[in-house]
>>> print(open('entry22.pdb').read())   # PDB, C-alpha atoms
ATOM      1  CA  MET C  19    -124.566  -1.913 -43.176  1.00  0.00           C
ATOM      2  CA  ILE C  20    -125.720   0.209 -40.227  1.00  0.00           C
ATOM      3  CA  LEU C  21    -124.080  -0.764 -36.952  1.00  0.00           C
ATOM      4  CA  GLY C  22    -126.257  -2.118 -34.170  1.00  0.00           C
ATOM      5  CA  ASN C  23    -125.892  -1.547 -30.457  1.00  0.00           C
ATOM      6  CA  GLU C  24    -123.471  -4.432 -29.874  1.00  0.00           C
ATOM      7  CA  LYS C  25    -120.999  -3.198 -32.521  1.00  0.00           C
ATOM      8  CA  ILE C  26    -121.367   0.421 -31.397  1.00  0.00           C
ATOM      9  CA  LEU C  27    -120.460  -0.578 -27.826  1.00  0.00           C
ATOM     10  CA  GLU C  28    -117.411  -2.422 -29.174  1.00  0.00           C
ATOM     11  CA  PHE C  29    -116.213   0.713 -30.997  1.00  0.00           C
ATOM     12  CA  LEU C  30    -117.017   2.923 -27.990  1.00  0.00           C
ATOM     13  CA  ARG C  31    -114.613   0.858 -25.878  1.00  0.00           C
ATOM     14  CA  LYS C  32    -111.936   1.764 -28.438  1.00  0.00           C
ATOM     15  CA  GLY C  33    -112.564   5.529 -28.076  1.00  0.00           C
ATOM     16  CA  LEU C  34    -115.107   6.144 -30.855  1.00  0.00           C
ATOM     17  CA  ILE C  35    -116.788   9.034 -28.994  1.00  0.00           C
ATOM     18  CA  GLU C  36    -115.624  11.272 -26.165  1.00  0.00           C
ATOM     19  CA  ASN C  37    -118.034  12.924 -23.715  1.00  0.00           C
ATOM     20  CA  LEU C  38    -120.897  10.538 -24.536  1.00  0.00           C
ATOM     21  CA  LYS C  39    -123.654  10.034 -21.991  1.00  0.00           C
ATOM     22  CA  GLN C  40    -124.319   6.307 -21.503  1.00  0.00           C
ATOM     23  CA  ALA C  41    -128.081   6.928 -21.735  1.00  0.00           C
ATOM     24  CA  ASN C  42    -127.573   8.348 -25.257  1.00  0.00           C
ATOM     25  CA  ILE C  43    -126.508   5.010 -26.738  1.00  0.00           C
ATOM     26  CA  GLN C  44    -129.439   3.896 -28.890  1.00  0.00           C
ATOM     27  CA  PRO C  45    -130.250   0.590 -30.679  1.00  0.00           C
ATOM     28  CA  ALA C  46    -128.606   1.729 -33.947  1.00  0.00           C
ATOM     29  CA  GLY C  47    -126.800   4.995 -33.178  1.00  0.00           C
ATOM     30  CA  VAL C  48    -125.961   7.556 -30.516  1.00  0.00           C
ATOM     31  CA  ASP C  49    -127.802  10.729 -29.579  1.00  0.00           C
ATOM     32  CA  LEU C  50    -125.872  13.985 -29.829  1.00  0.00           C
ATOM     33  CA  ARG C  51    -126.287  16.935 -27.452  1.00  0.00           C
ATOM     34  CA  ILE C  52    -126.066  20.687 -27.963  1.00  0.00           C
ATOM     35  CA  LYS C  53    -122.863  22.288 -26.677  1.00  0.00           C
ATOM     36  CA  CYS C  54    -122.903  25.740 -28.312  1.00  0.00           C
ATOM     37  CA  VAL C  55    -125.074  27.696 -30.712  1.00  0.00           C
ATOM     38  CA  TYR C  56    -123.659  30.089 -33.322  1.00  0.00           C
ATOM     39  CA  LYS C  57    -125.250  32.743 -35.506  1.00  0.00           C
ATOM     40  CA  LEU C  58    -123.943  33.613 -38.970  1.00  0.00           C
ATOM     41  CA  LYS C  59    -122.541  37.152 -39.106  1.00  0.00           C
ATOM     42  CA  SER C  60    -121.402  37.531 -42.724  1.00  0.00           C
ATOM     43  CA  LYS C  61    -121.919  36.270 -46.233  1.00  0.00           C
ATOM     44  CA  ALA C  62    -120.079  33.262 -47.637  1.00  0.00           C
ATOM     45  CA  PHE C  63    -118.819  32.020 -50.994  1.00  0.00           C
ATOM     46  CA  LEU C  64    -118.121  28.517 -52.281  1.00  0.00           C
ATOM     47  CA  GLY C  65    -115.985  28.289 -55.399  1.00  0.00           C
ATOM     48  CA  LYS C  66    -112.305  27.957 -56.233  1.00  0.00           C
ATOM     49  CA  LYS C  67    -111.549  30.326 -53.370  1.00  0.00           C
ATOM     50  CA  ARG C  68    -113.854  29.432 -50.480  1.00  0.00           C
ATOM     51  CA  LYS C  69    -114.935  32.156 -48.071  1.00  0.00           C
ATOM     52  CA  MET C  70    -116.753  30.858 -45.024  1.00  0.00           C
ATOM     53  CA  PRO C  71    -119.053  33.119 -42.994  1.00  0.00           C
ATOM     54  CA  LYS C  72    -118.004  34.721 -39.752  1.00  0.00           C
ATOM     55  CA  VAL C  73    -119.933  33.349 -36.778  1.00  0.00           C
ATOM     56  CA  GLU C  74    -120.807  34.587 -33.321  1.00  0.00           C
ATOM     57  CA  LYS C  75    -121.366  32.296 -30.339  1.00  0.00           C
ATOM     58  CA  ILE C  76    -124.832  33.154 -29.013  1.00  0.00           C
ATOM     59  CA  CYS C  77    -125.432  30.476 -26.397  1.00  0.00           C
ATOM     60  CA  GLU C  78    -123.407  27.905 -24.474  1.00  0.00           C
ATOM     61  CA  ARG C  79    -125.580  27.465 -21.383  1.00  0.00           C
ATOM     62  CA  GLY C  80    -129.244  27.692 -20.504  1.00  0.00           C
ATOM     63  CA  LYS C  81    -131.910  27.993 -23.187  1.00  0.00           C
ATOM     64  CA  PHE C  82    -132.087  29.751 -26.508  1.00  0.00           C
ATOM     65  CA  VAL C  83    -135.021  30.666 -28.707  1.00  0.00           C
ATOM     66  CA  LEU C  84    -134.973  29.901 -32.407  1.00  0.00           C
ATOM     67  CA  LYS C  85    -137.303  32.408 -34.053  1.00  0.00           C
ATOM     68  CA  PRO C  86    -139.473  31.496 -37.061  1.00  0.00           C
ATOM     69  CA  SER C  87    -137.297  31.122 -40.210  1.00  0.00           C
ATOM     70  CA  GLU C  88    -134.115  31.633 -38.154  1.00  0.00           C
ATOM     71  CA  PHE C  89    -130.992  29.552 -38.907  1.00  0.00           C
ATOM     72  CA  VAL C  90    -128.158  28.711 -36.503  1.00  0.00           C
ATOM     73  CA  LEU C  91    -125.185  26.373 -36.327  1.00  0.00           C
ATOM     74  CA  VAL C  92    -125.080  23.925 -33.435  1.00  0.00           C
ATOM     75  CA  GLU C  93    -121.876  22.322 -32.148  1.00  0.00           C
ATOM     76  CA  THR C  94    -122.119  18.963 -30.388  1.00  0.00           C
ATOM     77  CA  MET C  95    -120.875  18.154 -26.889  1.00  0.00           C
ATOM     78  CA  GLU C  96    -119.635  14.833 -28.197  1.00  0.00           C
ATOM     79  CA  LYS C  97    -116.323  14.519 -30.015  1.00  0.00           C
ATOM     80  CA  VAL C  98    -116.122  11.689 -32.539  1.00  0.00           C
ATOM     81  CA  ASN C  99    -112.989   9.738 -33.439  1.00  0.00           C
ATOM     82  CA  LEU C 100    -114.001   7.766 -36.505  1.00  0.00           C
ATOM     83  CA  PRO C 101    -111.639   5.013 -37.608  1.00  0.00           C
ATOM     84  CA  LYS C 102    -111.010   4.587 -41.343  1.00  0.00           C
ATOM     85  CA  ASN C 103    -113.541   1.757 -41.543  1.00  0.00           C
ATOM     86  CA  LEU C 104    -116.546   3.726 -40.171  1.00  0.00           C
ATOM     87  CA  ALA C 105    -118.558   6.636 -41.547  1.00  0.00           C
ATOM     88  CA  GLY C 106    -121.384   8.532 -39.890  1.00  0.00           C
ATOM     89  CA  ILE C 107    -124.735   9.920 -40.949  1.00  0.00           C
ATOM     90  CA  ILE C 108    -126.391  12.601 -38.803  1.00  0.00           C
ATOM     91  CA  LEU C 109    -130.183  12.470 -38.545  1.00  0.00           C
ATOM     92  CA  PRO C 110    -132.624  14.693 -36.641  1.00  0.00           C
ATOM     93  CA  ARG C 111    -134.458  13.309 -33.642  1.00  0.00           C
ATOM     94  CA  SER C 112    -138.137  12.990 -34.526  1.00  0.00           C
ATOM     95  CA  SER C 113    -139.156  15.407 -31.748  1.00  0.00           C
ATOM     96  CA  LEU C 114    -137.548  18.253 -33.698  1.00  0.00           C
ATOM     97  CA  SER C 115    -139.529  17.475 -36.842  1.00  0.00           C
ATOM     98  CA  ARG C 116    -142.730  17.436 -34.822  1.00  0.00           C
ATOM     99  CA  CYS C 117    -141.908  20.996 -33.687  1.00  0.00           C
ATOM    100  CA  GLY C 118    -141.186  22.282 -37.210  1.00  0.00           C
ATOM    101  CA  ILE C 119    -137.402  22.275 -36.779  1.00  0.00           C
ATOM    102  CA  ALA C 120    -135.133  21.019 -39.561  1.00  0.00           C
ATOM    103  CA  LEU C 121    -131.531  19.933 -39.210  1.00  0.00           C
ATOM    104  CA  LEU C 122    -129.180  20.508 -42.113  1.00  0.00           C
ATOM    105  CA  THR C 123    -126.797  17.624 -41.676  1.00  0.00           C
ATOM    106  CA  SER C 124    -123.916  16.093 -43.524  1.00  0.00           C
ATOM    107  CA  PHE C 125    -121.960  12.912 -43.983  1.00  0.00           C
ATOM    108  CA  VAL C 126    -119.158  12.298 -41.465  1.00  0.00           C
ATOM    109  CA  ASP C 127    -116.165  10.885 -43.315  1.00  0.00           C
ATOM    110  CA  PRO C 128    -114.046   7.975 -42.130  1.00  0.00           C
ATOM    111  CA  GLY C 129    -111.094   9.277 -40.118  1.00  0.00           C
ATOM    112  CA  PHE C 130    -112.866  12.469 -38.971  1.00  0.00           C
ATOM    113  CA  LYS C 131    -112.008  13.563 -35.438  1.00  0.00           C
ATOM    114  CA  GLY C 132    -113.720  16.389 -33.574  1.00  0.00           C
ATOM    115  CA  THR C 133    -117.020  17.867 -32.557  1.00  0.00           C
ATOM    116  CA  LEU C 134    -119.748  18.032 -35.193  1.00  0.00           C
ATOM    117  CA  THR C 135    -121.414  21.196 -36.499  1.00  0.00           C
ATOM    118  CA  ILE C 136    -125.018  20.946 -37.663  1.00  0.00           C
ATOM    119  CA  GLY C 137    -127.350  23.545 -39.165  1.00  0.00           C
ATOM    120  CA  MET C 138    -130.732  24.085 -37.474  1.00  0.00           C
ATOM    121  CA  LYS C 139    -133.635  26.047 -38.981  1.00  0.00           C
ATOM    122  CA  ASN C 140    -137.071  26.847 -37.614  1.00  0.00           C
ATOM    123  CA  LEU C 141    -139.557  26.105 -40.411  1.00  0.00           C
ATOM    124  CA  SER C 142    -142.569  26.856 -38.246  1.00  0.00           C
ATOM    125  CA  GLU C 143    -144.338  30.149 -37.597  1.00  0.00           C
ATOM    126  CA  PHE C 144    -143.710  29.852 -33.855  1.00  0.00           C
ATOM    127  CA  PRO C 145    -140.626  30.462 -31.709  1.00  0.00           C
ATOM    128  CA  PHE C 146    -138.894  27.259 -30.605  1.00  0.00           C
ATOM    129  CA  GLU C 147    -137.085  27.059 -27.269  1.00  0.00           C
ATOM    130  CA  ILE C 148    -134.394  24.463 -26.640  1.00  0.00           C
ATOM    131  CA  GLU C 149    -131.884  23.946 -23.868  1.00  0.00           C
ATOM    132  CA  VAL C 150    -128.120  23.515 -24.206  1.00  0.00           C
ATOM    133  CA  GLY C 151    -127.228  19.932 -23.271  1.00  0.00           C
ATOM    134  CA  THR C 152    -130.392  18.512 -24.857  1.00  0.00           C
ATOM    135  CA  SER C 153    -130.207  15.574 -27.289  1.00  0.00           C
ATOM    136  CA  PHE C 154    -131.237  16.861 -30.717  1.00  0.00           C
ATOM    137  CA  ALA C 155    -129.678  14.577 -33.337  1.00  0.00           C
ATOM    138  CA  GLN C 156    -128.637  10.978 -33.788  1.00  0.00           C
ATOM    139  CA  LEU C 157    -125.384   9.753 -35.307  1.00  0.00           C
ATOM    140  CA  VAL C 158    -125.725   6.464 -37.184  1.00  0.00           C
ATOM    141  CA  PHE C 159    -122.615   4.507 -38.167  1.00  0.00           C
ATOM    142  CA  GLN C 160    -121.954   2.617 -41.369  1.00  0.00           C
ATOM    143  CA  GLU C 161    -119.138   0.214 -42.086  1.00  0.00           C
ATOM    144  CA  VAL C 162    -116.779   1.217 -44.898  1.00  0.00           C
ATOM    145  CA  ARG C 163    -115.524  -1.688 -46.986  1.00  0.00           C
ATOM    146  CA  GLY C 164    -112.280  -1.409 -48.886  1.00  0.00           C
ATOM    147  CA  CYS C 165    -109.457   1.058 -48.394  1.00  0.00           C
ATOM    148  CA  SER C 166    -110.151   4.547 -47.102  1.00  0.00           C
ATOM    149  CA  LYS C 167    -107.471   7.196 -46.771  1.00  0.00           C
ATOM    150  CA  GLY C 168    -109.372   9.002 -44.033  1.00  0.00           C
ATOM    151  CA  TYR C 169    -110.629  12.574 -43.766  1.00  0.00           C
ATOM    152  CA  GLU C 170    -108.042  15.344 -44.211  1.00  0.00           C
ATOM    153  CA  GLY C 171    -110.322  18.345 -44.784  1.00  0.00           C
ATOM    154  CA  ARG C 172    -110.543  21.799 -43.221  1.00  0.00           C
ATOM    155  CA  TYR C 173    -112.946  20.776 -40.438  1.00  0.00           C
ATOM    156  CA  GLN C 174    -110.675  18.106 -38.943  1.00  0.00           C
ATOM    157  CA  GLY C 175    -110.543  18.687 -35.208  1.00  0.00           C
ATOM    158  CA  GLY C 176    -114.075  20.063 -35.032  1.00  0.00           C
ATOM    159  CA  LYS C 177    -113.870  23.579 -36.509  1.00  0.00           C
ATOM    160  CA  VAL C 178    -117.281  25.277 -36.663  1.00  0.00           C
ATOM    161  CA  VAL C 179    -116.466  27.151 -39.924  1.00  0.00           C
TER     162      VAL C 179
END
>>> encode(input="entry22.pdb", output="structure tokens")
Amino acid sequence: MILGNEKILEFLRKGLIENLKQANIQPAGVDLRIKCVYKLKSKAFLGKKRKMPKVEKICERGKFVLKPSEFVLVETMEKVNLPKNLAGIILPRSSLSRCGIALLTSFVDPGFKGTLTIGMKNLSEFPFEIEVGTSFAQLVFQEVRGCSKGYEGRYQGGKVV
């Protein structure tokens, strides 16, 4: 079940999201804004011994240009505090798709606390300019039924990589 506005407001009063703009509360989710943009600076490996890429912060104010085929990581201004009975799904705002921009999103586990990191790639043949602080994604909440131990992974607290 996806939570509607009334239930979202109820959870917001209990501290579900920090640094949320009131205008970003939508009928069935909340809009997320860009805080920082990071560029990958090294290779990575996923296997028994994980090696995450090094990143470099390239923008935390003003505008940045995403060149054709370029990929970046975007950190949200909002910090989520999911209880064990809620999970989140990150979706792109439709304006991005209309500009040829794809978001590489993931599931947000129950119990996760921190800022969110989302991949962004320019699929078009044209440069794309976007401003820090702009709403670019929507977080939709789903109720979790049954017991959930809560997220205990490496990104707890909002680590970018």
>>> atom_distance(input="entry22.pdb", atom1="CA of Gly129 (chain C)", atom2="CA of Phe89 (chain C)")
28.4 Å
>>> closest_residue(input="entry22.pdb", among="C:Lys177, C:Lys81, C:Arg163, C:Lys139", to="Lys57 (chain C)", atoms="all atoms listed in the file")
C:Lys139
>>> atom_distance(input="entry22.pdb", atom1="CA of Ser87 (chain C)", atom2="CA of Gly65 (chain C)")
26.3 Å
>>> closest_residue(input="entry22.pdb", among="C:Lys85, C:Lys102, C:Arg116, C:Arg79", to="Pro145 (chain C)", atoms="only C-alpha atoms")
C:Lys85
>>> closest_residue(input="entry22.pdb", among="C:Gly168, C:Gly176, C:Glu93, C:Phe159", to="Asn23 (chain C)", atoms="all atoms listed in the file")
C:Phe159
>>> resolve_selection(input="entry22.pdb", expression="the PyMOL selection byres ((chain C and resi 41-55) around 6)", output="list in words")
Leu21, Gly22, Asn23, Lys39, Gln40, Tyr56, Lys75, Ile76, Cys77, Glu78, Leu91, Val92, Glu93, Thr94, Met95, Val150, Gly151, Thr152, Ser153, Phe154, Ala155, Gln156, Leu157 and Val158 of chain C
>>> atom_distance(input="entry22.pdb", atom1="CA of Leu122 (chain C)", atom2="CA of Asn99 (chain C)")
21.3 Å
>>> closest_residue(input="entry22.pdb", among="C:Asn103, C:Lys131, C:Lys59, C:Arg111", to="Gly33 (chain C)", atoms="all atoms listed in the file")
C:Lys131
>>> resolve_selection(input="entry22.pdb", expression="the PyMOL selection byres ((chain C and resi 130) around 12)", output="VMD selection string")
chain C and resid 34 to 35 97 to 106 125 to 129 131 to 134 166 to 177
>>> closest_residue(input="entry22.pdb", among="C:Ile108, C:Val179, C:Glu161, C:Met138", to="Lys25 (chain C)", atoms="only C-alpha atoms")
C:Glu161
